[in-house]
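Undergrad: Submitted below is the structure of interest, expressed as structure tokens.
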Amino acid sequence: WFYKLLSTCLILKRFTLHHKISRKNIFQIKNYLISVGVDSLAVVLITACFIGMVFTLQIGKEFVYLNTTSMLGPVLSTTYLQELCPVLTAVITTARIGSAFTAEIASMKVTDQIDIFLILKIDPVSYLVLPRIYACMLILPLLNLGSFVTSIFSNLFIASILYNISPSIFIHSIFSSISYRDIFYSSLKSLVFGFIISVISCSWGLSTQGGAKNVGISTTSSVVTSLLLIFIIDFLFSYIMFYQS
């Protein structure tokens, strides 16, 4: 844990002080944007679609029974925008991308490829870590918004088919309940989650020691740590942004 903490502090220091982005970094960020965003898009949207349908099935029946179907759209949209979509997107990204980042960097570390970067006077943090951080921070808010839109359409489909709720009423109630402030907070959550995922996964990869067995241990540990931090930060965000406001 000492080496993991030391590696995390090193990355945070370099991220704070590193303001110059070279052309090579831009090319790397573009590649990571594709791997993080495009390759994860289908999984995120499919998950959001089915989660949205499940919630509409479970909650919609109660709203119909209470004759308050006009509140179904606002309740679901607020829940998705503030909590479910940012957290689910972060969880999927952690499982798919965070684990890959840790495994890639850890494999390079145990096979002494990181030492070759140092011999060639290439900073491994600037070359391997910072582009991954920038890519995750840029793409997660976009994946979050895509997840939200997909879940709303799946809600609309189930509500209109099973509960005969008018699509126009459903959509109007959603737009009347959410605000730009909610969208901003949701995007900010996703940006912070992307930062956490990338920093933890890269730190755990750089601090890996030993052989191939430790690559798997570091990967598992980084995923678990990232998920725990995501849930803790999510609670703090929710308390500060929504309870205190």
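Residue numbers start at 1 in each chain; chains themselves are named A, B, ... in the order of the structure tokens; ligands are numbered from 1 in the order shown.
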Could you give me, as a PyMOL selection string, the residues within 12 Å of Met71 (chain A), counting only C-alpha atoms and dropping anything in the same chain fewer than 5 positions from it?

TA: chain A and resi 59-60+62-64+66+76-78+159+165+169-174+176-177

Undergrad: Excluding region 141-156 of chain A and any residue of its chain fewer than 5 positions from it, enumerate the residues within 10 Å of it, using only C-alpha atoms, and give them as an mmCIF file with N, CA and C atoms, in the first residue's frame.

TA:
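The resulting file, part03.cif, is shown below:
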```cif
data_model
loop_
_atom_site.group_PDB
_atom_site.id
_atom_site.type_symbol
_atom_site.label_atom_id
_atom_site.label_comp_id
_atom_site.auth_asym_id
_atom_site.auth_seq_id
_atom_site.Cartn_x
_atom_site.Cartn_y
_atom_site.Cartn_z
ATOM 1 N N VAL A 36 -11.916 4.118 -24.613
ATOM 2 C CA VAL A 36 -12.776 4.344 -23.452
ATOM 3 C C VAL A 36 -14.208 4.636 -23.875
ATOM 4 N N GLY A 37 -14.365 5.486 -24.901
ATOM 5 C CA GLY A 37 -15.694 5.946 -25.276
ATOM 6 C C GLY A 37 -16.416 5.065 -26.275
ATOM 7 N N VAL A 38 -15.838 4.948 -27.466
ATOM 8 C CA VAL A 38 -16.522 4.226 -28.543
ATOM 9 C C VAL A 38 -16.690 2.753 -28.199
ATOM 10 N N SER A 40 -16.827 1.409 -25.307
ATOM 11 C CA SER A 40 -17.692 1.197 -24.140
ATOM 12 C C SER A 40 -19.120 1.669 -24.370
ATOM 13 N N LEU A 41 -19.356 2.354 -25.489
ATOM 14 C CA LEU A 41 -20.658 2.974 -25.713
ATOM 15 C C LEU A 41 -21.784 1.957 -25.752
ATOM 16 N N ALA A 42 -21.591 0.864 -26.473
ATOM 17 C CA ALA A 42 -22.654 -0.125 -26.617
ATOM 18 C C ALA A 42 -23.026 -0.733 -25.265
ATOM 19 N N VAL A 43 -22.018 -1.061 -24.465
ATOM 20 C CA VAL A 43 -22.287 -1.671 -23.157
ATOM 21 C C VAL A 43 -23.042 -0.698 -22.257
ATOM 22 N N VAL A 44 -22.620 0.561 -22.257
ATOM 23 C CA VAL A 44 -23.264 1.575 -21.416
ATOM 24 C C VAL A 44 -24.711 1.788 -21.832
ATOM 25 N N LEU A 45 -24.966 1.898 -23.130
ATOM 26 C CA LEU A 45 -26.323 2.167 -23.610
ATOM 27 C C LEU A 45 -27.250 0.977 -23.387
ATOM 28 N N ILE A 46 -26.750 -0.231 -23.628
ATOM 29 C CA ILE A 46 -27.586 -1.423 -23.402
ATOM 30 C C ILE A 46 -27.931 -1.553 -21.921
ATOM 31 N N THR A 47 -26.954 -1.320 -21.064
ATOM 32 C CA THR A 47 -27.210 -1.370 -19.618
ATOM 33 C C THR A 47 -28.240 -0.331 -19.213
ATOM 34 N N ALA A 48 -28.084 0.902 -19.705
ATOM 35 C CA ALA A 48 -29.029 1.968 -19.368
ATOM 36 C C ALA A 48 -30.426 1.642 -19.866
ATOM 37 N N CYS A 49 -30.518 1.044 -21.044
ATOM 38 C CA CYS A 49 -31.819 0.703 -21.617
ATOM 39 C C CYS A 49 -32.565 -0.293 -20.735
ATOM 40 N N PHE A 50 -31.904 -1.363 -20.349
ATOM 41 C CA PHE A 50 -32.589 -2.399 -19.583
ATOM 42 C C PHE A 50 -32.815 -1.985 -18.133
ATOM 43 N N ILE A 51 -31.895 -1.235 -17.563
ATOM 44 C CA ILE A 51 -32.122 -0.718 -16.215
ATOM 45 C C ILE A 51 -33.318 0.230 -16.219
ATOM 46 N N GLY A 52 -33.420 1.055 -17.264
ATOM 47 C CA GLY A 52 -34.562 1.956 -17.371
ATOM 48 C C GLY A 52 -35.881 1.207 -17.481
ATOM 49 N N MET A 53 -35.902 0.149 -18.274
ATOM 50 C CA MET A 53 -37.131 -0.631 -18.410
ATOM 51 C C MET A 53 -37.501 -1.340 -17.111
ATOM 52 N N VAL A 54 -36.497 -1.846 -16.408
ATOM 53 C CA VAL A 54 -36.762 -2.528 -15.132
ATOM 54 C C VAL A 54 -37.350 -1.561 -14.119
ATOM 55 N N PHE A 55 -36.777 -0.372 -14.002
ATOM 56 C CA PHE A 55 -37.284 0.603 -13.043
ATOM 57 C C PHE A 55 -38.688 1.062 -13.411
ATOM 58 N N THR A 56 -38.952 1.224 -14.699
ATOM 59 C CA THR A 56 -40.296 1.638 -15.114
ATOM 60 C C THR A 56 -41.314 0.550 -14.806
ATOM 61 N N LEU A 57 -40.937 -0.710 -15.012
ATOM 62 C CA LEU A 57 -41.828 -1.818 -14.680
ATOM 63 C C LEU A 57 -42.161 -1.844 -13.192
ATOM 64 N N GLY A 60 -43.585 2.077 -12.129
ATOM 65 C CA GLY A 60 -44.769 2.534 -12.860
ATOM 66 C C GLY A 60 -46.063 1.929 -12.353
ATOM 67 N N LEU A 72 -44.471 10.102 -12.748
ATOM 68 C CA LEU A 72 -43.545 9.019 -13.082
ATOM 69 C C LEU A 72 -42.322 9.545 -13.826
ATOM 70 N N GLY A 73 -42.540 10.384 -14.823
ATOM 71 C CA GLY A 73 -41.426 10.943 -15.595
ATOM 72 C C GLY A 73 -40.449 11.736 -14.750
ATOM 73 N N LEU A 76 -38.410 9.349 -12.284
ATOM 74 C CA LEU A 76 -37.423 8.519 -12.967
ATOM 75 C C LEU A 76 -36.285 9.358 -13.528
ATOM 76 N N SER A 77 -36.600 10.469 -14.178
ATOM 77 C CA SER A 77 -35.558 11.290 -14.798
ATOM 78 C C SER A 77 -34.620 11.878 -13.754
ATOM 79 N N THR A 78 -35.174 12.328 -12.641
ATOM 80 C CA THR A 78 -34.327 12.879 -11.575
ATOM 81 C C THR A 78 -33.427 11.807 -10.978
ATOM 82 N N THR A 79 -33.978 10.622 -10.775
ATOM 83 C CA THR A 79 -33.184 9.523 -10.217
ATOM 84 C C THR A 79 -32.052 9.136 -11.144
ATOM 85 N N TYR A 80 -32.350 9.014 -12.426
ATOM 86 C CA TYR A 80 -31.320 8.643 -13.395
ATOM 87 C C TYR A 80 -30.254 9.716 -13.504
ATOM 88 N N LEU A 81 -30.676 10.967 -13.647
ATOM 89 C CA LEU A 81 -29.722 12.044 -13.898
ATOM 90 C C LEU A 81 -28.808 12.276 -12.712
ATOM 91 N N GLN A 82 -29.353 12.228 -11.506
ATOM 92 C CA GLN A 82 -28.566 12.556 -10.332
ATOM 93 C C GLN A 82 -27.751 11.386 -9.807
ATOM 94 N N LEU A 84 -28.287 7.265 -10.801
ATOM 95 C CA LEU A 84 -28.082 5.980 -11.474
ATOM 96 C C LEU A 84 -27.139 6.068 -12.667
ATOM 97 N N CYS A 85 -27.367 7.025 -13.554
ATOM 98 C CA CYS A 85 -26.553 7.091 -14.770
ATOM 99 C C CYS A 85 -25.081 7.384 -14.485
ATOM 100 N N PRO A 86 -24.738 8.379 -13.650
ATOM 101 C CA PRO A 86 -23.312 8.581 -13.360
ATOM 102 C C PRO A 86 -22.653 7.368 -12.696
ATOM 103 N N VAL A 87 -23.350 6.753 -11.741
ATOM 104 C CA VAL A 87 -22.755 5.637 -11.013
ATOM 105 C C VAL A 87 -22.640 4.399 -11.903
ATOM 106 N N LEU A 88 -23.700 4.075 -12.642
ATOM 107 C CA LEU A 88 -23.645 2.903 -13.515
ATOM 108 C C LEU A 88 -22.587 3.059 -14.598
ATOM 109 N N THR A 89 -22.489 4.247 -15.174
ATOM 110 C CA THR A 89 -21.458 4.493 -16.184
ATOM 111 C C THR A 89 -20.071 4.325 -15.594
ATOM 112 N N ALA A 90 -19.872 4.837 -14.378
ATOM 113 C CA ALA A 90 -18.567 4.705 -13.730
ATOM 114 C C ALA A 90 -18.251 3.251 -13.399
ATOM 115 N N THR A 93 -17.314 1.486 -16.626
ATOM 116 C CA THR A 93 -16.001 1.938 -17.070
ATOM 117 C C THR A 93 -14.895 1.361 -16.199
ATOM 118 N N CYS A 136 -10.323 9.740 -19.882
ATOM 119 C CA CYS A 136 -11.425 9.328 -19.000
ATOM 120 C C CYS A 136 -12.244 10.525 -18.536
ATOM 121 N N ILE A 161 -46.427 1.608 -23.528
ATOM 122 C CA ILE A 161 -46.914 0.297 -23.952
ATOM 123 C C ILE A 161 -47.695 -0.400 -22.836
ATOM 124 N N ILE A 165 -49.489 5.516 -20.710
ATOM 125 C CA ILE A 165 -49.173 6.903 -20.376
ATOM 126 C C ILE A 165 -48.822 7.635 -21.665
ATOM 127 N N SER A 166 -49.418 8.776 -21.877
ATOM 128 C CA SER A 166 -49.194 9.532 -23.097
ATOM 129 C C SER A 166 -47.734 9.957 -23.210
ATOM 130 N N PRO A 167 -47.080 9.688 -24.346
ATOM 131 C CA PRO A 167 -45.675 10.095 -24.505
ATOM 132 C C PRO A 167 -45.474 11.602 -24.360
ATOM 133 N N SER A 168 -46.434 12.393 -24.849
ATOM 134 C CA SER A 168 -46.291 13.847 -24.755
ATOM 135 C C SER A 168 -46.317 14.301 -23.292
ATOM 136 N N PHE A 170 -45.532 12.430 -20.718
ATOM 137 C CA PHE A 170 -44.322 11.901 -20.088
ATOM 138 C C PHE A 170 -43.126 12.801 -20.375
ATOM 139 N N ILE A 171 -42.941 13.177 -21.642
ATOM 140 C CA ILE A 171 -41.803 14.016 -22.026
ATOM 141 C C ILE A 171 -41.924 15.406 -21.406
ATOM 142 N N ILE A 174 -40.931 15.439 -17.822
ATOM 143 C CA ILE A 174 -39.480 15.313 -17.633
ATOM 144 C C ILE A 174 -38.799 16.668 -17.803
ATOM 145 N N ILE A 183 -28.095 18.818 -14.706
ATOM 146 C CA ILE A 183 -27.211 18.296 -15.760
ATOM 147 C C ILE A 183 -25.757 18.614 -15.450
ATOM 148 N N PHE A 184 -25.509 19.821 -14.951
ATOM 149 C CA PHE A 184 -24.143 20.217 -14.603
ATOM 150 C C PHE A 184 -23.596 19.344 -13.478
ATOM 151 N N SER A 186 -24.584 16.364 -12.581
ATOM 152 C CA SER A 186 -24.418 14.994 -13.060
ATOM 153 C C SER A 186 -23.147 14.847 -13.885
ATOM 154 N N SER A 187 -22.872 15.829 -14.752
ATOM 155 C CA SER A 187 -21.649 15.796 -15.560
ATOM 156 C C SER A 187 -20.413 15.960 -14.695
ATOM 157 N N LEU A 188 -20.509 16.811 -13.664
ATOM 158 C CA LEU A 188 -19.375 16.993 -12.757
ATOM 159 C C LEU A 188 -19.069 15.707 -12.003
ATOM 160 N N LYS A 189 -20.119 15.014 -11.582
ATOM 161 C CA LYS A 189 -19.925 13.715 -10.938
ATOM 162 C C LYS A 189 -19.165 12.764 -11.854
ATOM 163 N N SER A 190 -19.591 12.670 -13.096
ATOM 164 C CA SER A 190 -18.951 11.757 -14.040
ATOM 165 C C SER A 190 -17.502 12.146 -14.288
ATOM 166 N N LEU A 191 -17.224 13.443 -14.362
ATOM 167 C CA LEU A 191 -15.852 13.899 -14.567
ATOM 168 C C LEU A 191 -14.964 13.477 -13.399
ATOM 169 N N VAL A 192 -15.461 13.651 -12.173
ATOM 170 C CA VAL A 192 -14.694 13.241 -10.990
ATOM 171 C C VAL A 192 -14.521 11.726 -10.961
ATOM 172 N N PHE A 193 -15.571 10.993 -11.311
ATOM 173 C CA PHE A 193 -15.457 9.531 -11.358
ATOM 174 C C PHE A 193 -14.412 9.091 -12.376
ATOM 175 N N GLY A 194 -14.382 9.755 -13.534
ATOM 176 C CA GLY A 194 -13.377 9.427 -14.539
ATOM 177 C C GLY A 194 -11.968 9.681 -14.039
#
```

Undergrad: What lies within 10 Å of Ala95 (chain A) using only C-alpha atoms, ignoring chain neighbours under 6 positions off, as number ranges by chain?

TA: A: 197, 219-220, 222-224, 226-227

Undergrad: Could you turn the residues from that selection into a file that holds C-alpha atoms, as an mmCIF file, in the first residue's frame?

TA:
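What follows is the written file again.cif:
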```
data_model
loop_
_atom_site.group_PDB
_atom_site.id
_atom_site.type_symbol
_atom_site.label_atom_id
_atom_site.label_comp_id
_atom_site.auth_asym_id
_atom_site.auth_seq_id
_atom_site.Cartn_x
_atom_site.Cartn_y
_atom_site.Cartn_z
ATOM 1 C CA ILE A 197 -10.895 5.538 -12.149
ATOM 2 C CA THR A 219 -5.964 -5.398 -11.360
ATOM 3 C CA THR A 220 -8.480 -6.826 -8.886
ATOM 4 C CA SER A 222 -7.629 -1.404 -8.441
ATOM 5 C CA VAL A 223 -11.181 -2.312 -9.486
ATOM 6 C CA VAL A 224 -12.319 -2.849 -5.900
ATOM 7 C CA SER A 226 -12.107 2.394 -7.558
ATOM 8 C CA LEU A 227 -15.623 1.102 -6.906
#
```

Undergrad: If you measure from CA of Ser107 (chain A) to CA of Ala212 (chain A), what distance in Å do you get, rounded to one decimal?

TA: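 If I compute the distance from CA of Ser107 (chain A) to CA of Ala212 (chain A), I get 7.2 Å.
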
Undergrad: Between A:Leu228, A:Tyr127, A:Ile240, A:Asp234, which has the minimum distance to Glu83 (chain A) (counting only C-alpha atoms)?

TA: A:Asp234

Undergrad: Got a sec: who's within 8 Å of Phe101 (chain A), counting only C-alpha atoms, leaving out chain neighbours fewer than 5 positions off, as a list of chain:residue names?

TA: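 So the residues in contact are A:Ser198, A:Ser201, A:Cys202, A:Gly205.
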
Undergrad: Set out as CSV a contact list for region 123-179 of chain A and region 115-119 of chain A with a cut-off of 12 Å, giving each residue of region 123-179 of chain A that qualifies its closest atom pair and distance in Å to one decimal, counting only C-alpha atoms, ordered by chain and rising residue number.

TA:
```
residue,atom,partner,partner_atom,distance
A:Asp123,CA,A:Leu118,CA,6.5
A:Pro124,CA,A:Phe117,CA,6.2
A:Val125,CA,A:Phe117,CA,10.0
A:Ser126,CA,A:Phe117,CA,10.8
A:Tyr127,CA,A:Phe117,CA,9.0
A:Leu128,CA,A:Phe117,CA,10.1
```

Undergrad: Give me, please, the distance in Å between CA of Ala103 (chain A) and CA of Leu140 (chain A), quoted to one decimal.

TA: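 These two atoms are separated by 20.4 Å.
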
Undergrad: Pick from A:Ile196, A:Val129, A:Val75, A:Ala135: nearest to Thr225 (chain A), with only C-alpha atoms counted?

TA: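 Ranking A:Ile196, A:Val129, A:Val75, A:Ala135 by distance to Thr225 (chain A), first place goes to A:Ile196.
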
Undergrad: Got a sec: who's within 8 Å of Ser7 (chain A), counting only C-alpha atoms, leaving out chain neighbours fewer than 4 positions off, as a list in words?

TA: Tyr3, Ile11, Ser203, Trp204, Leu206 and Ser207 of chain A
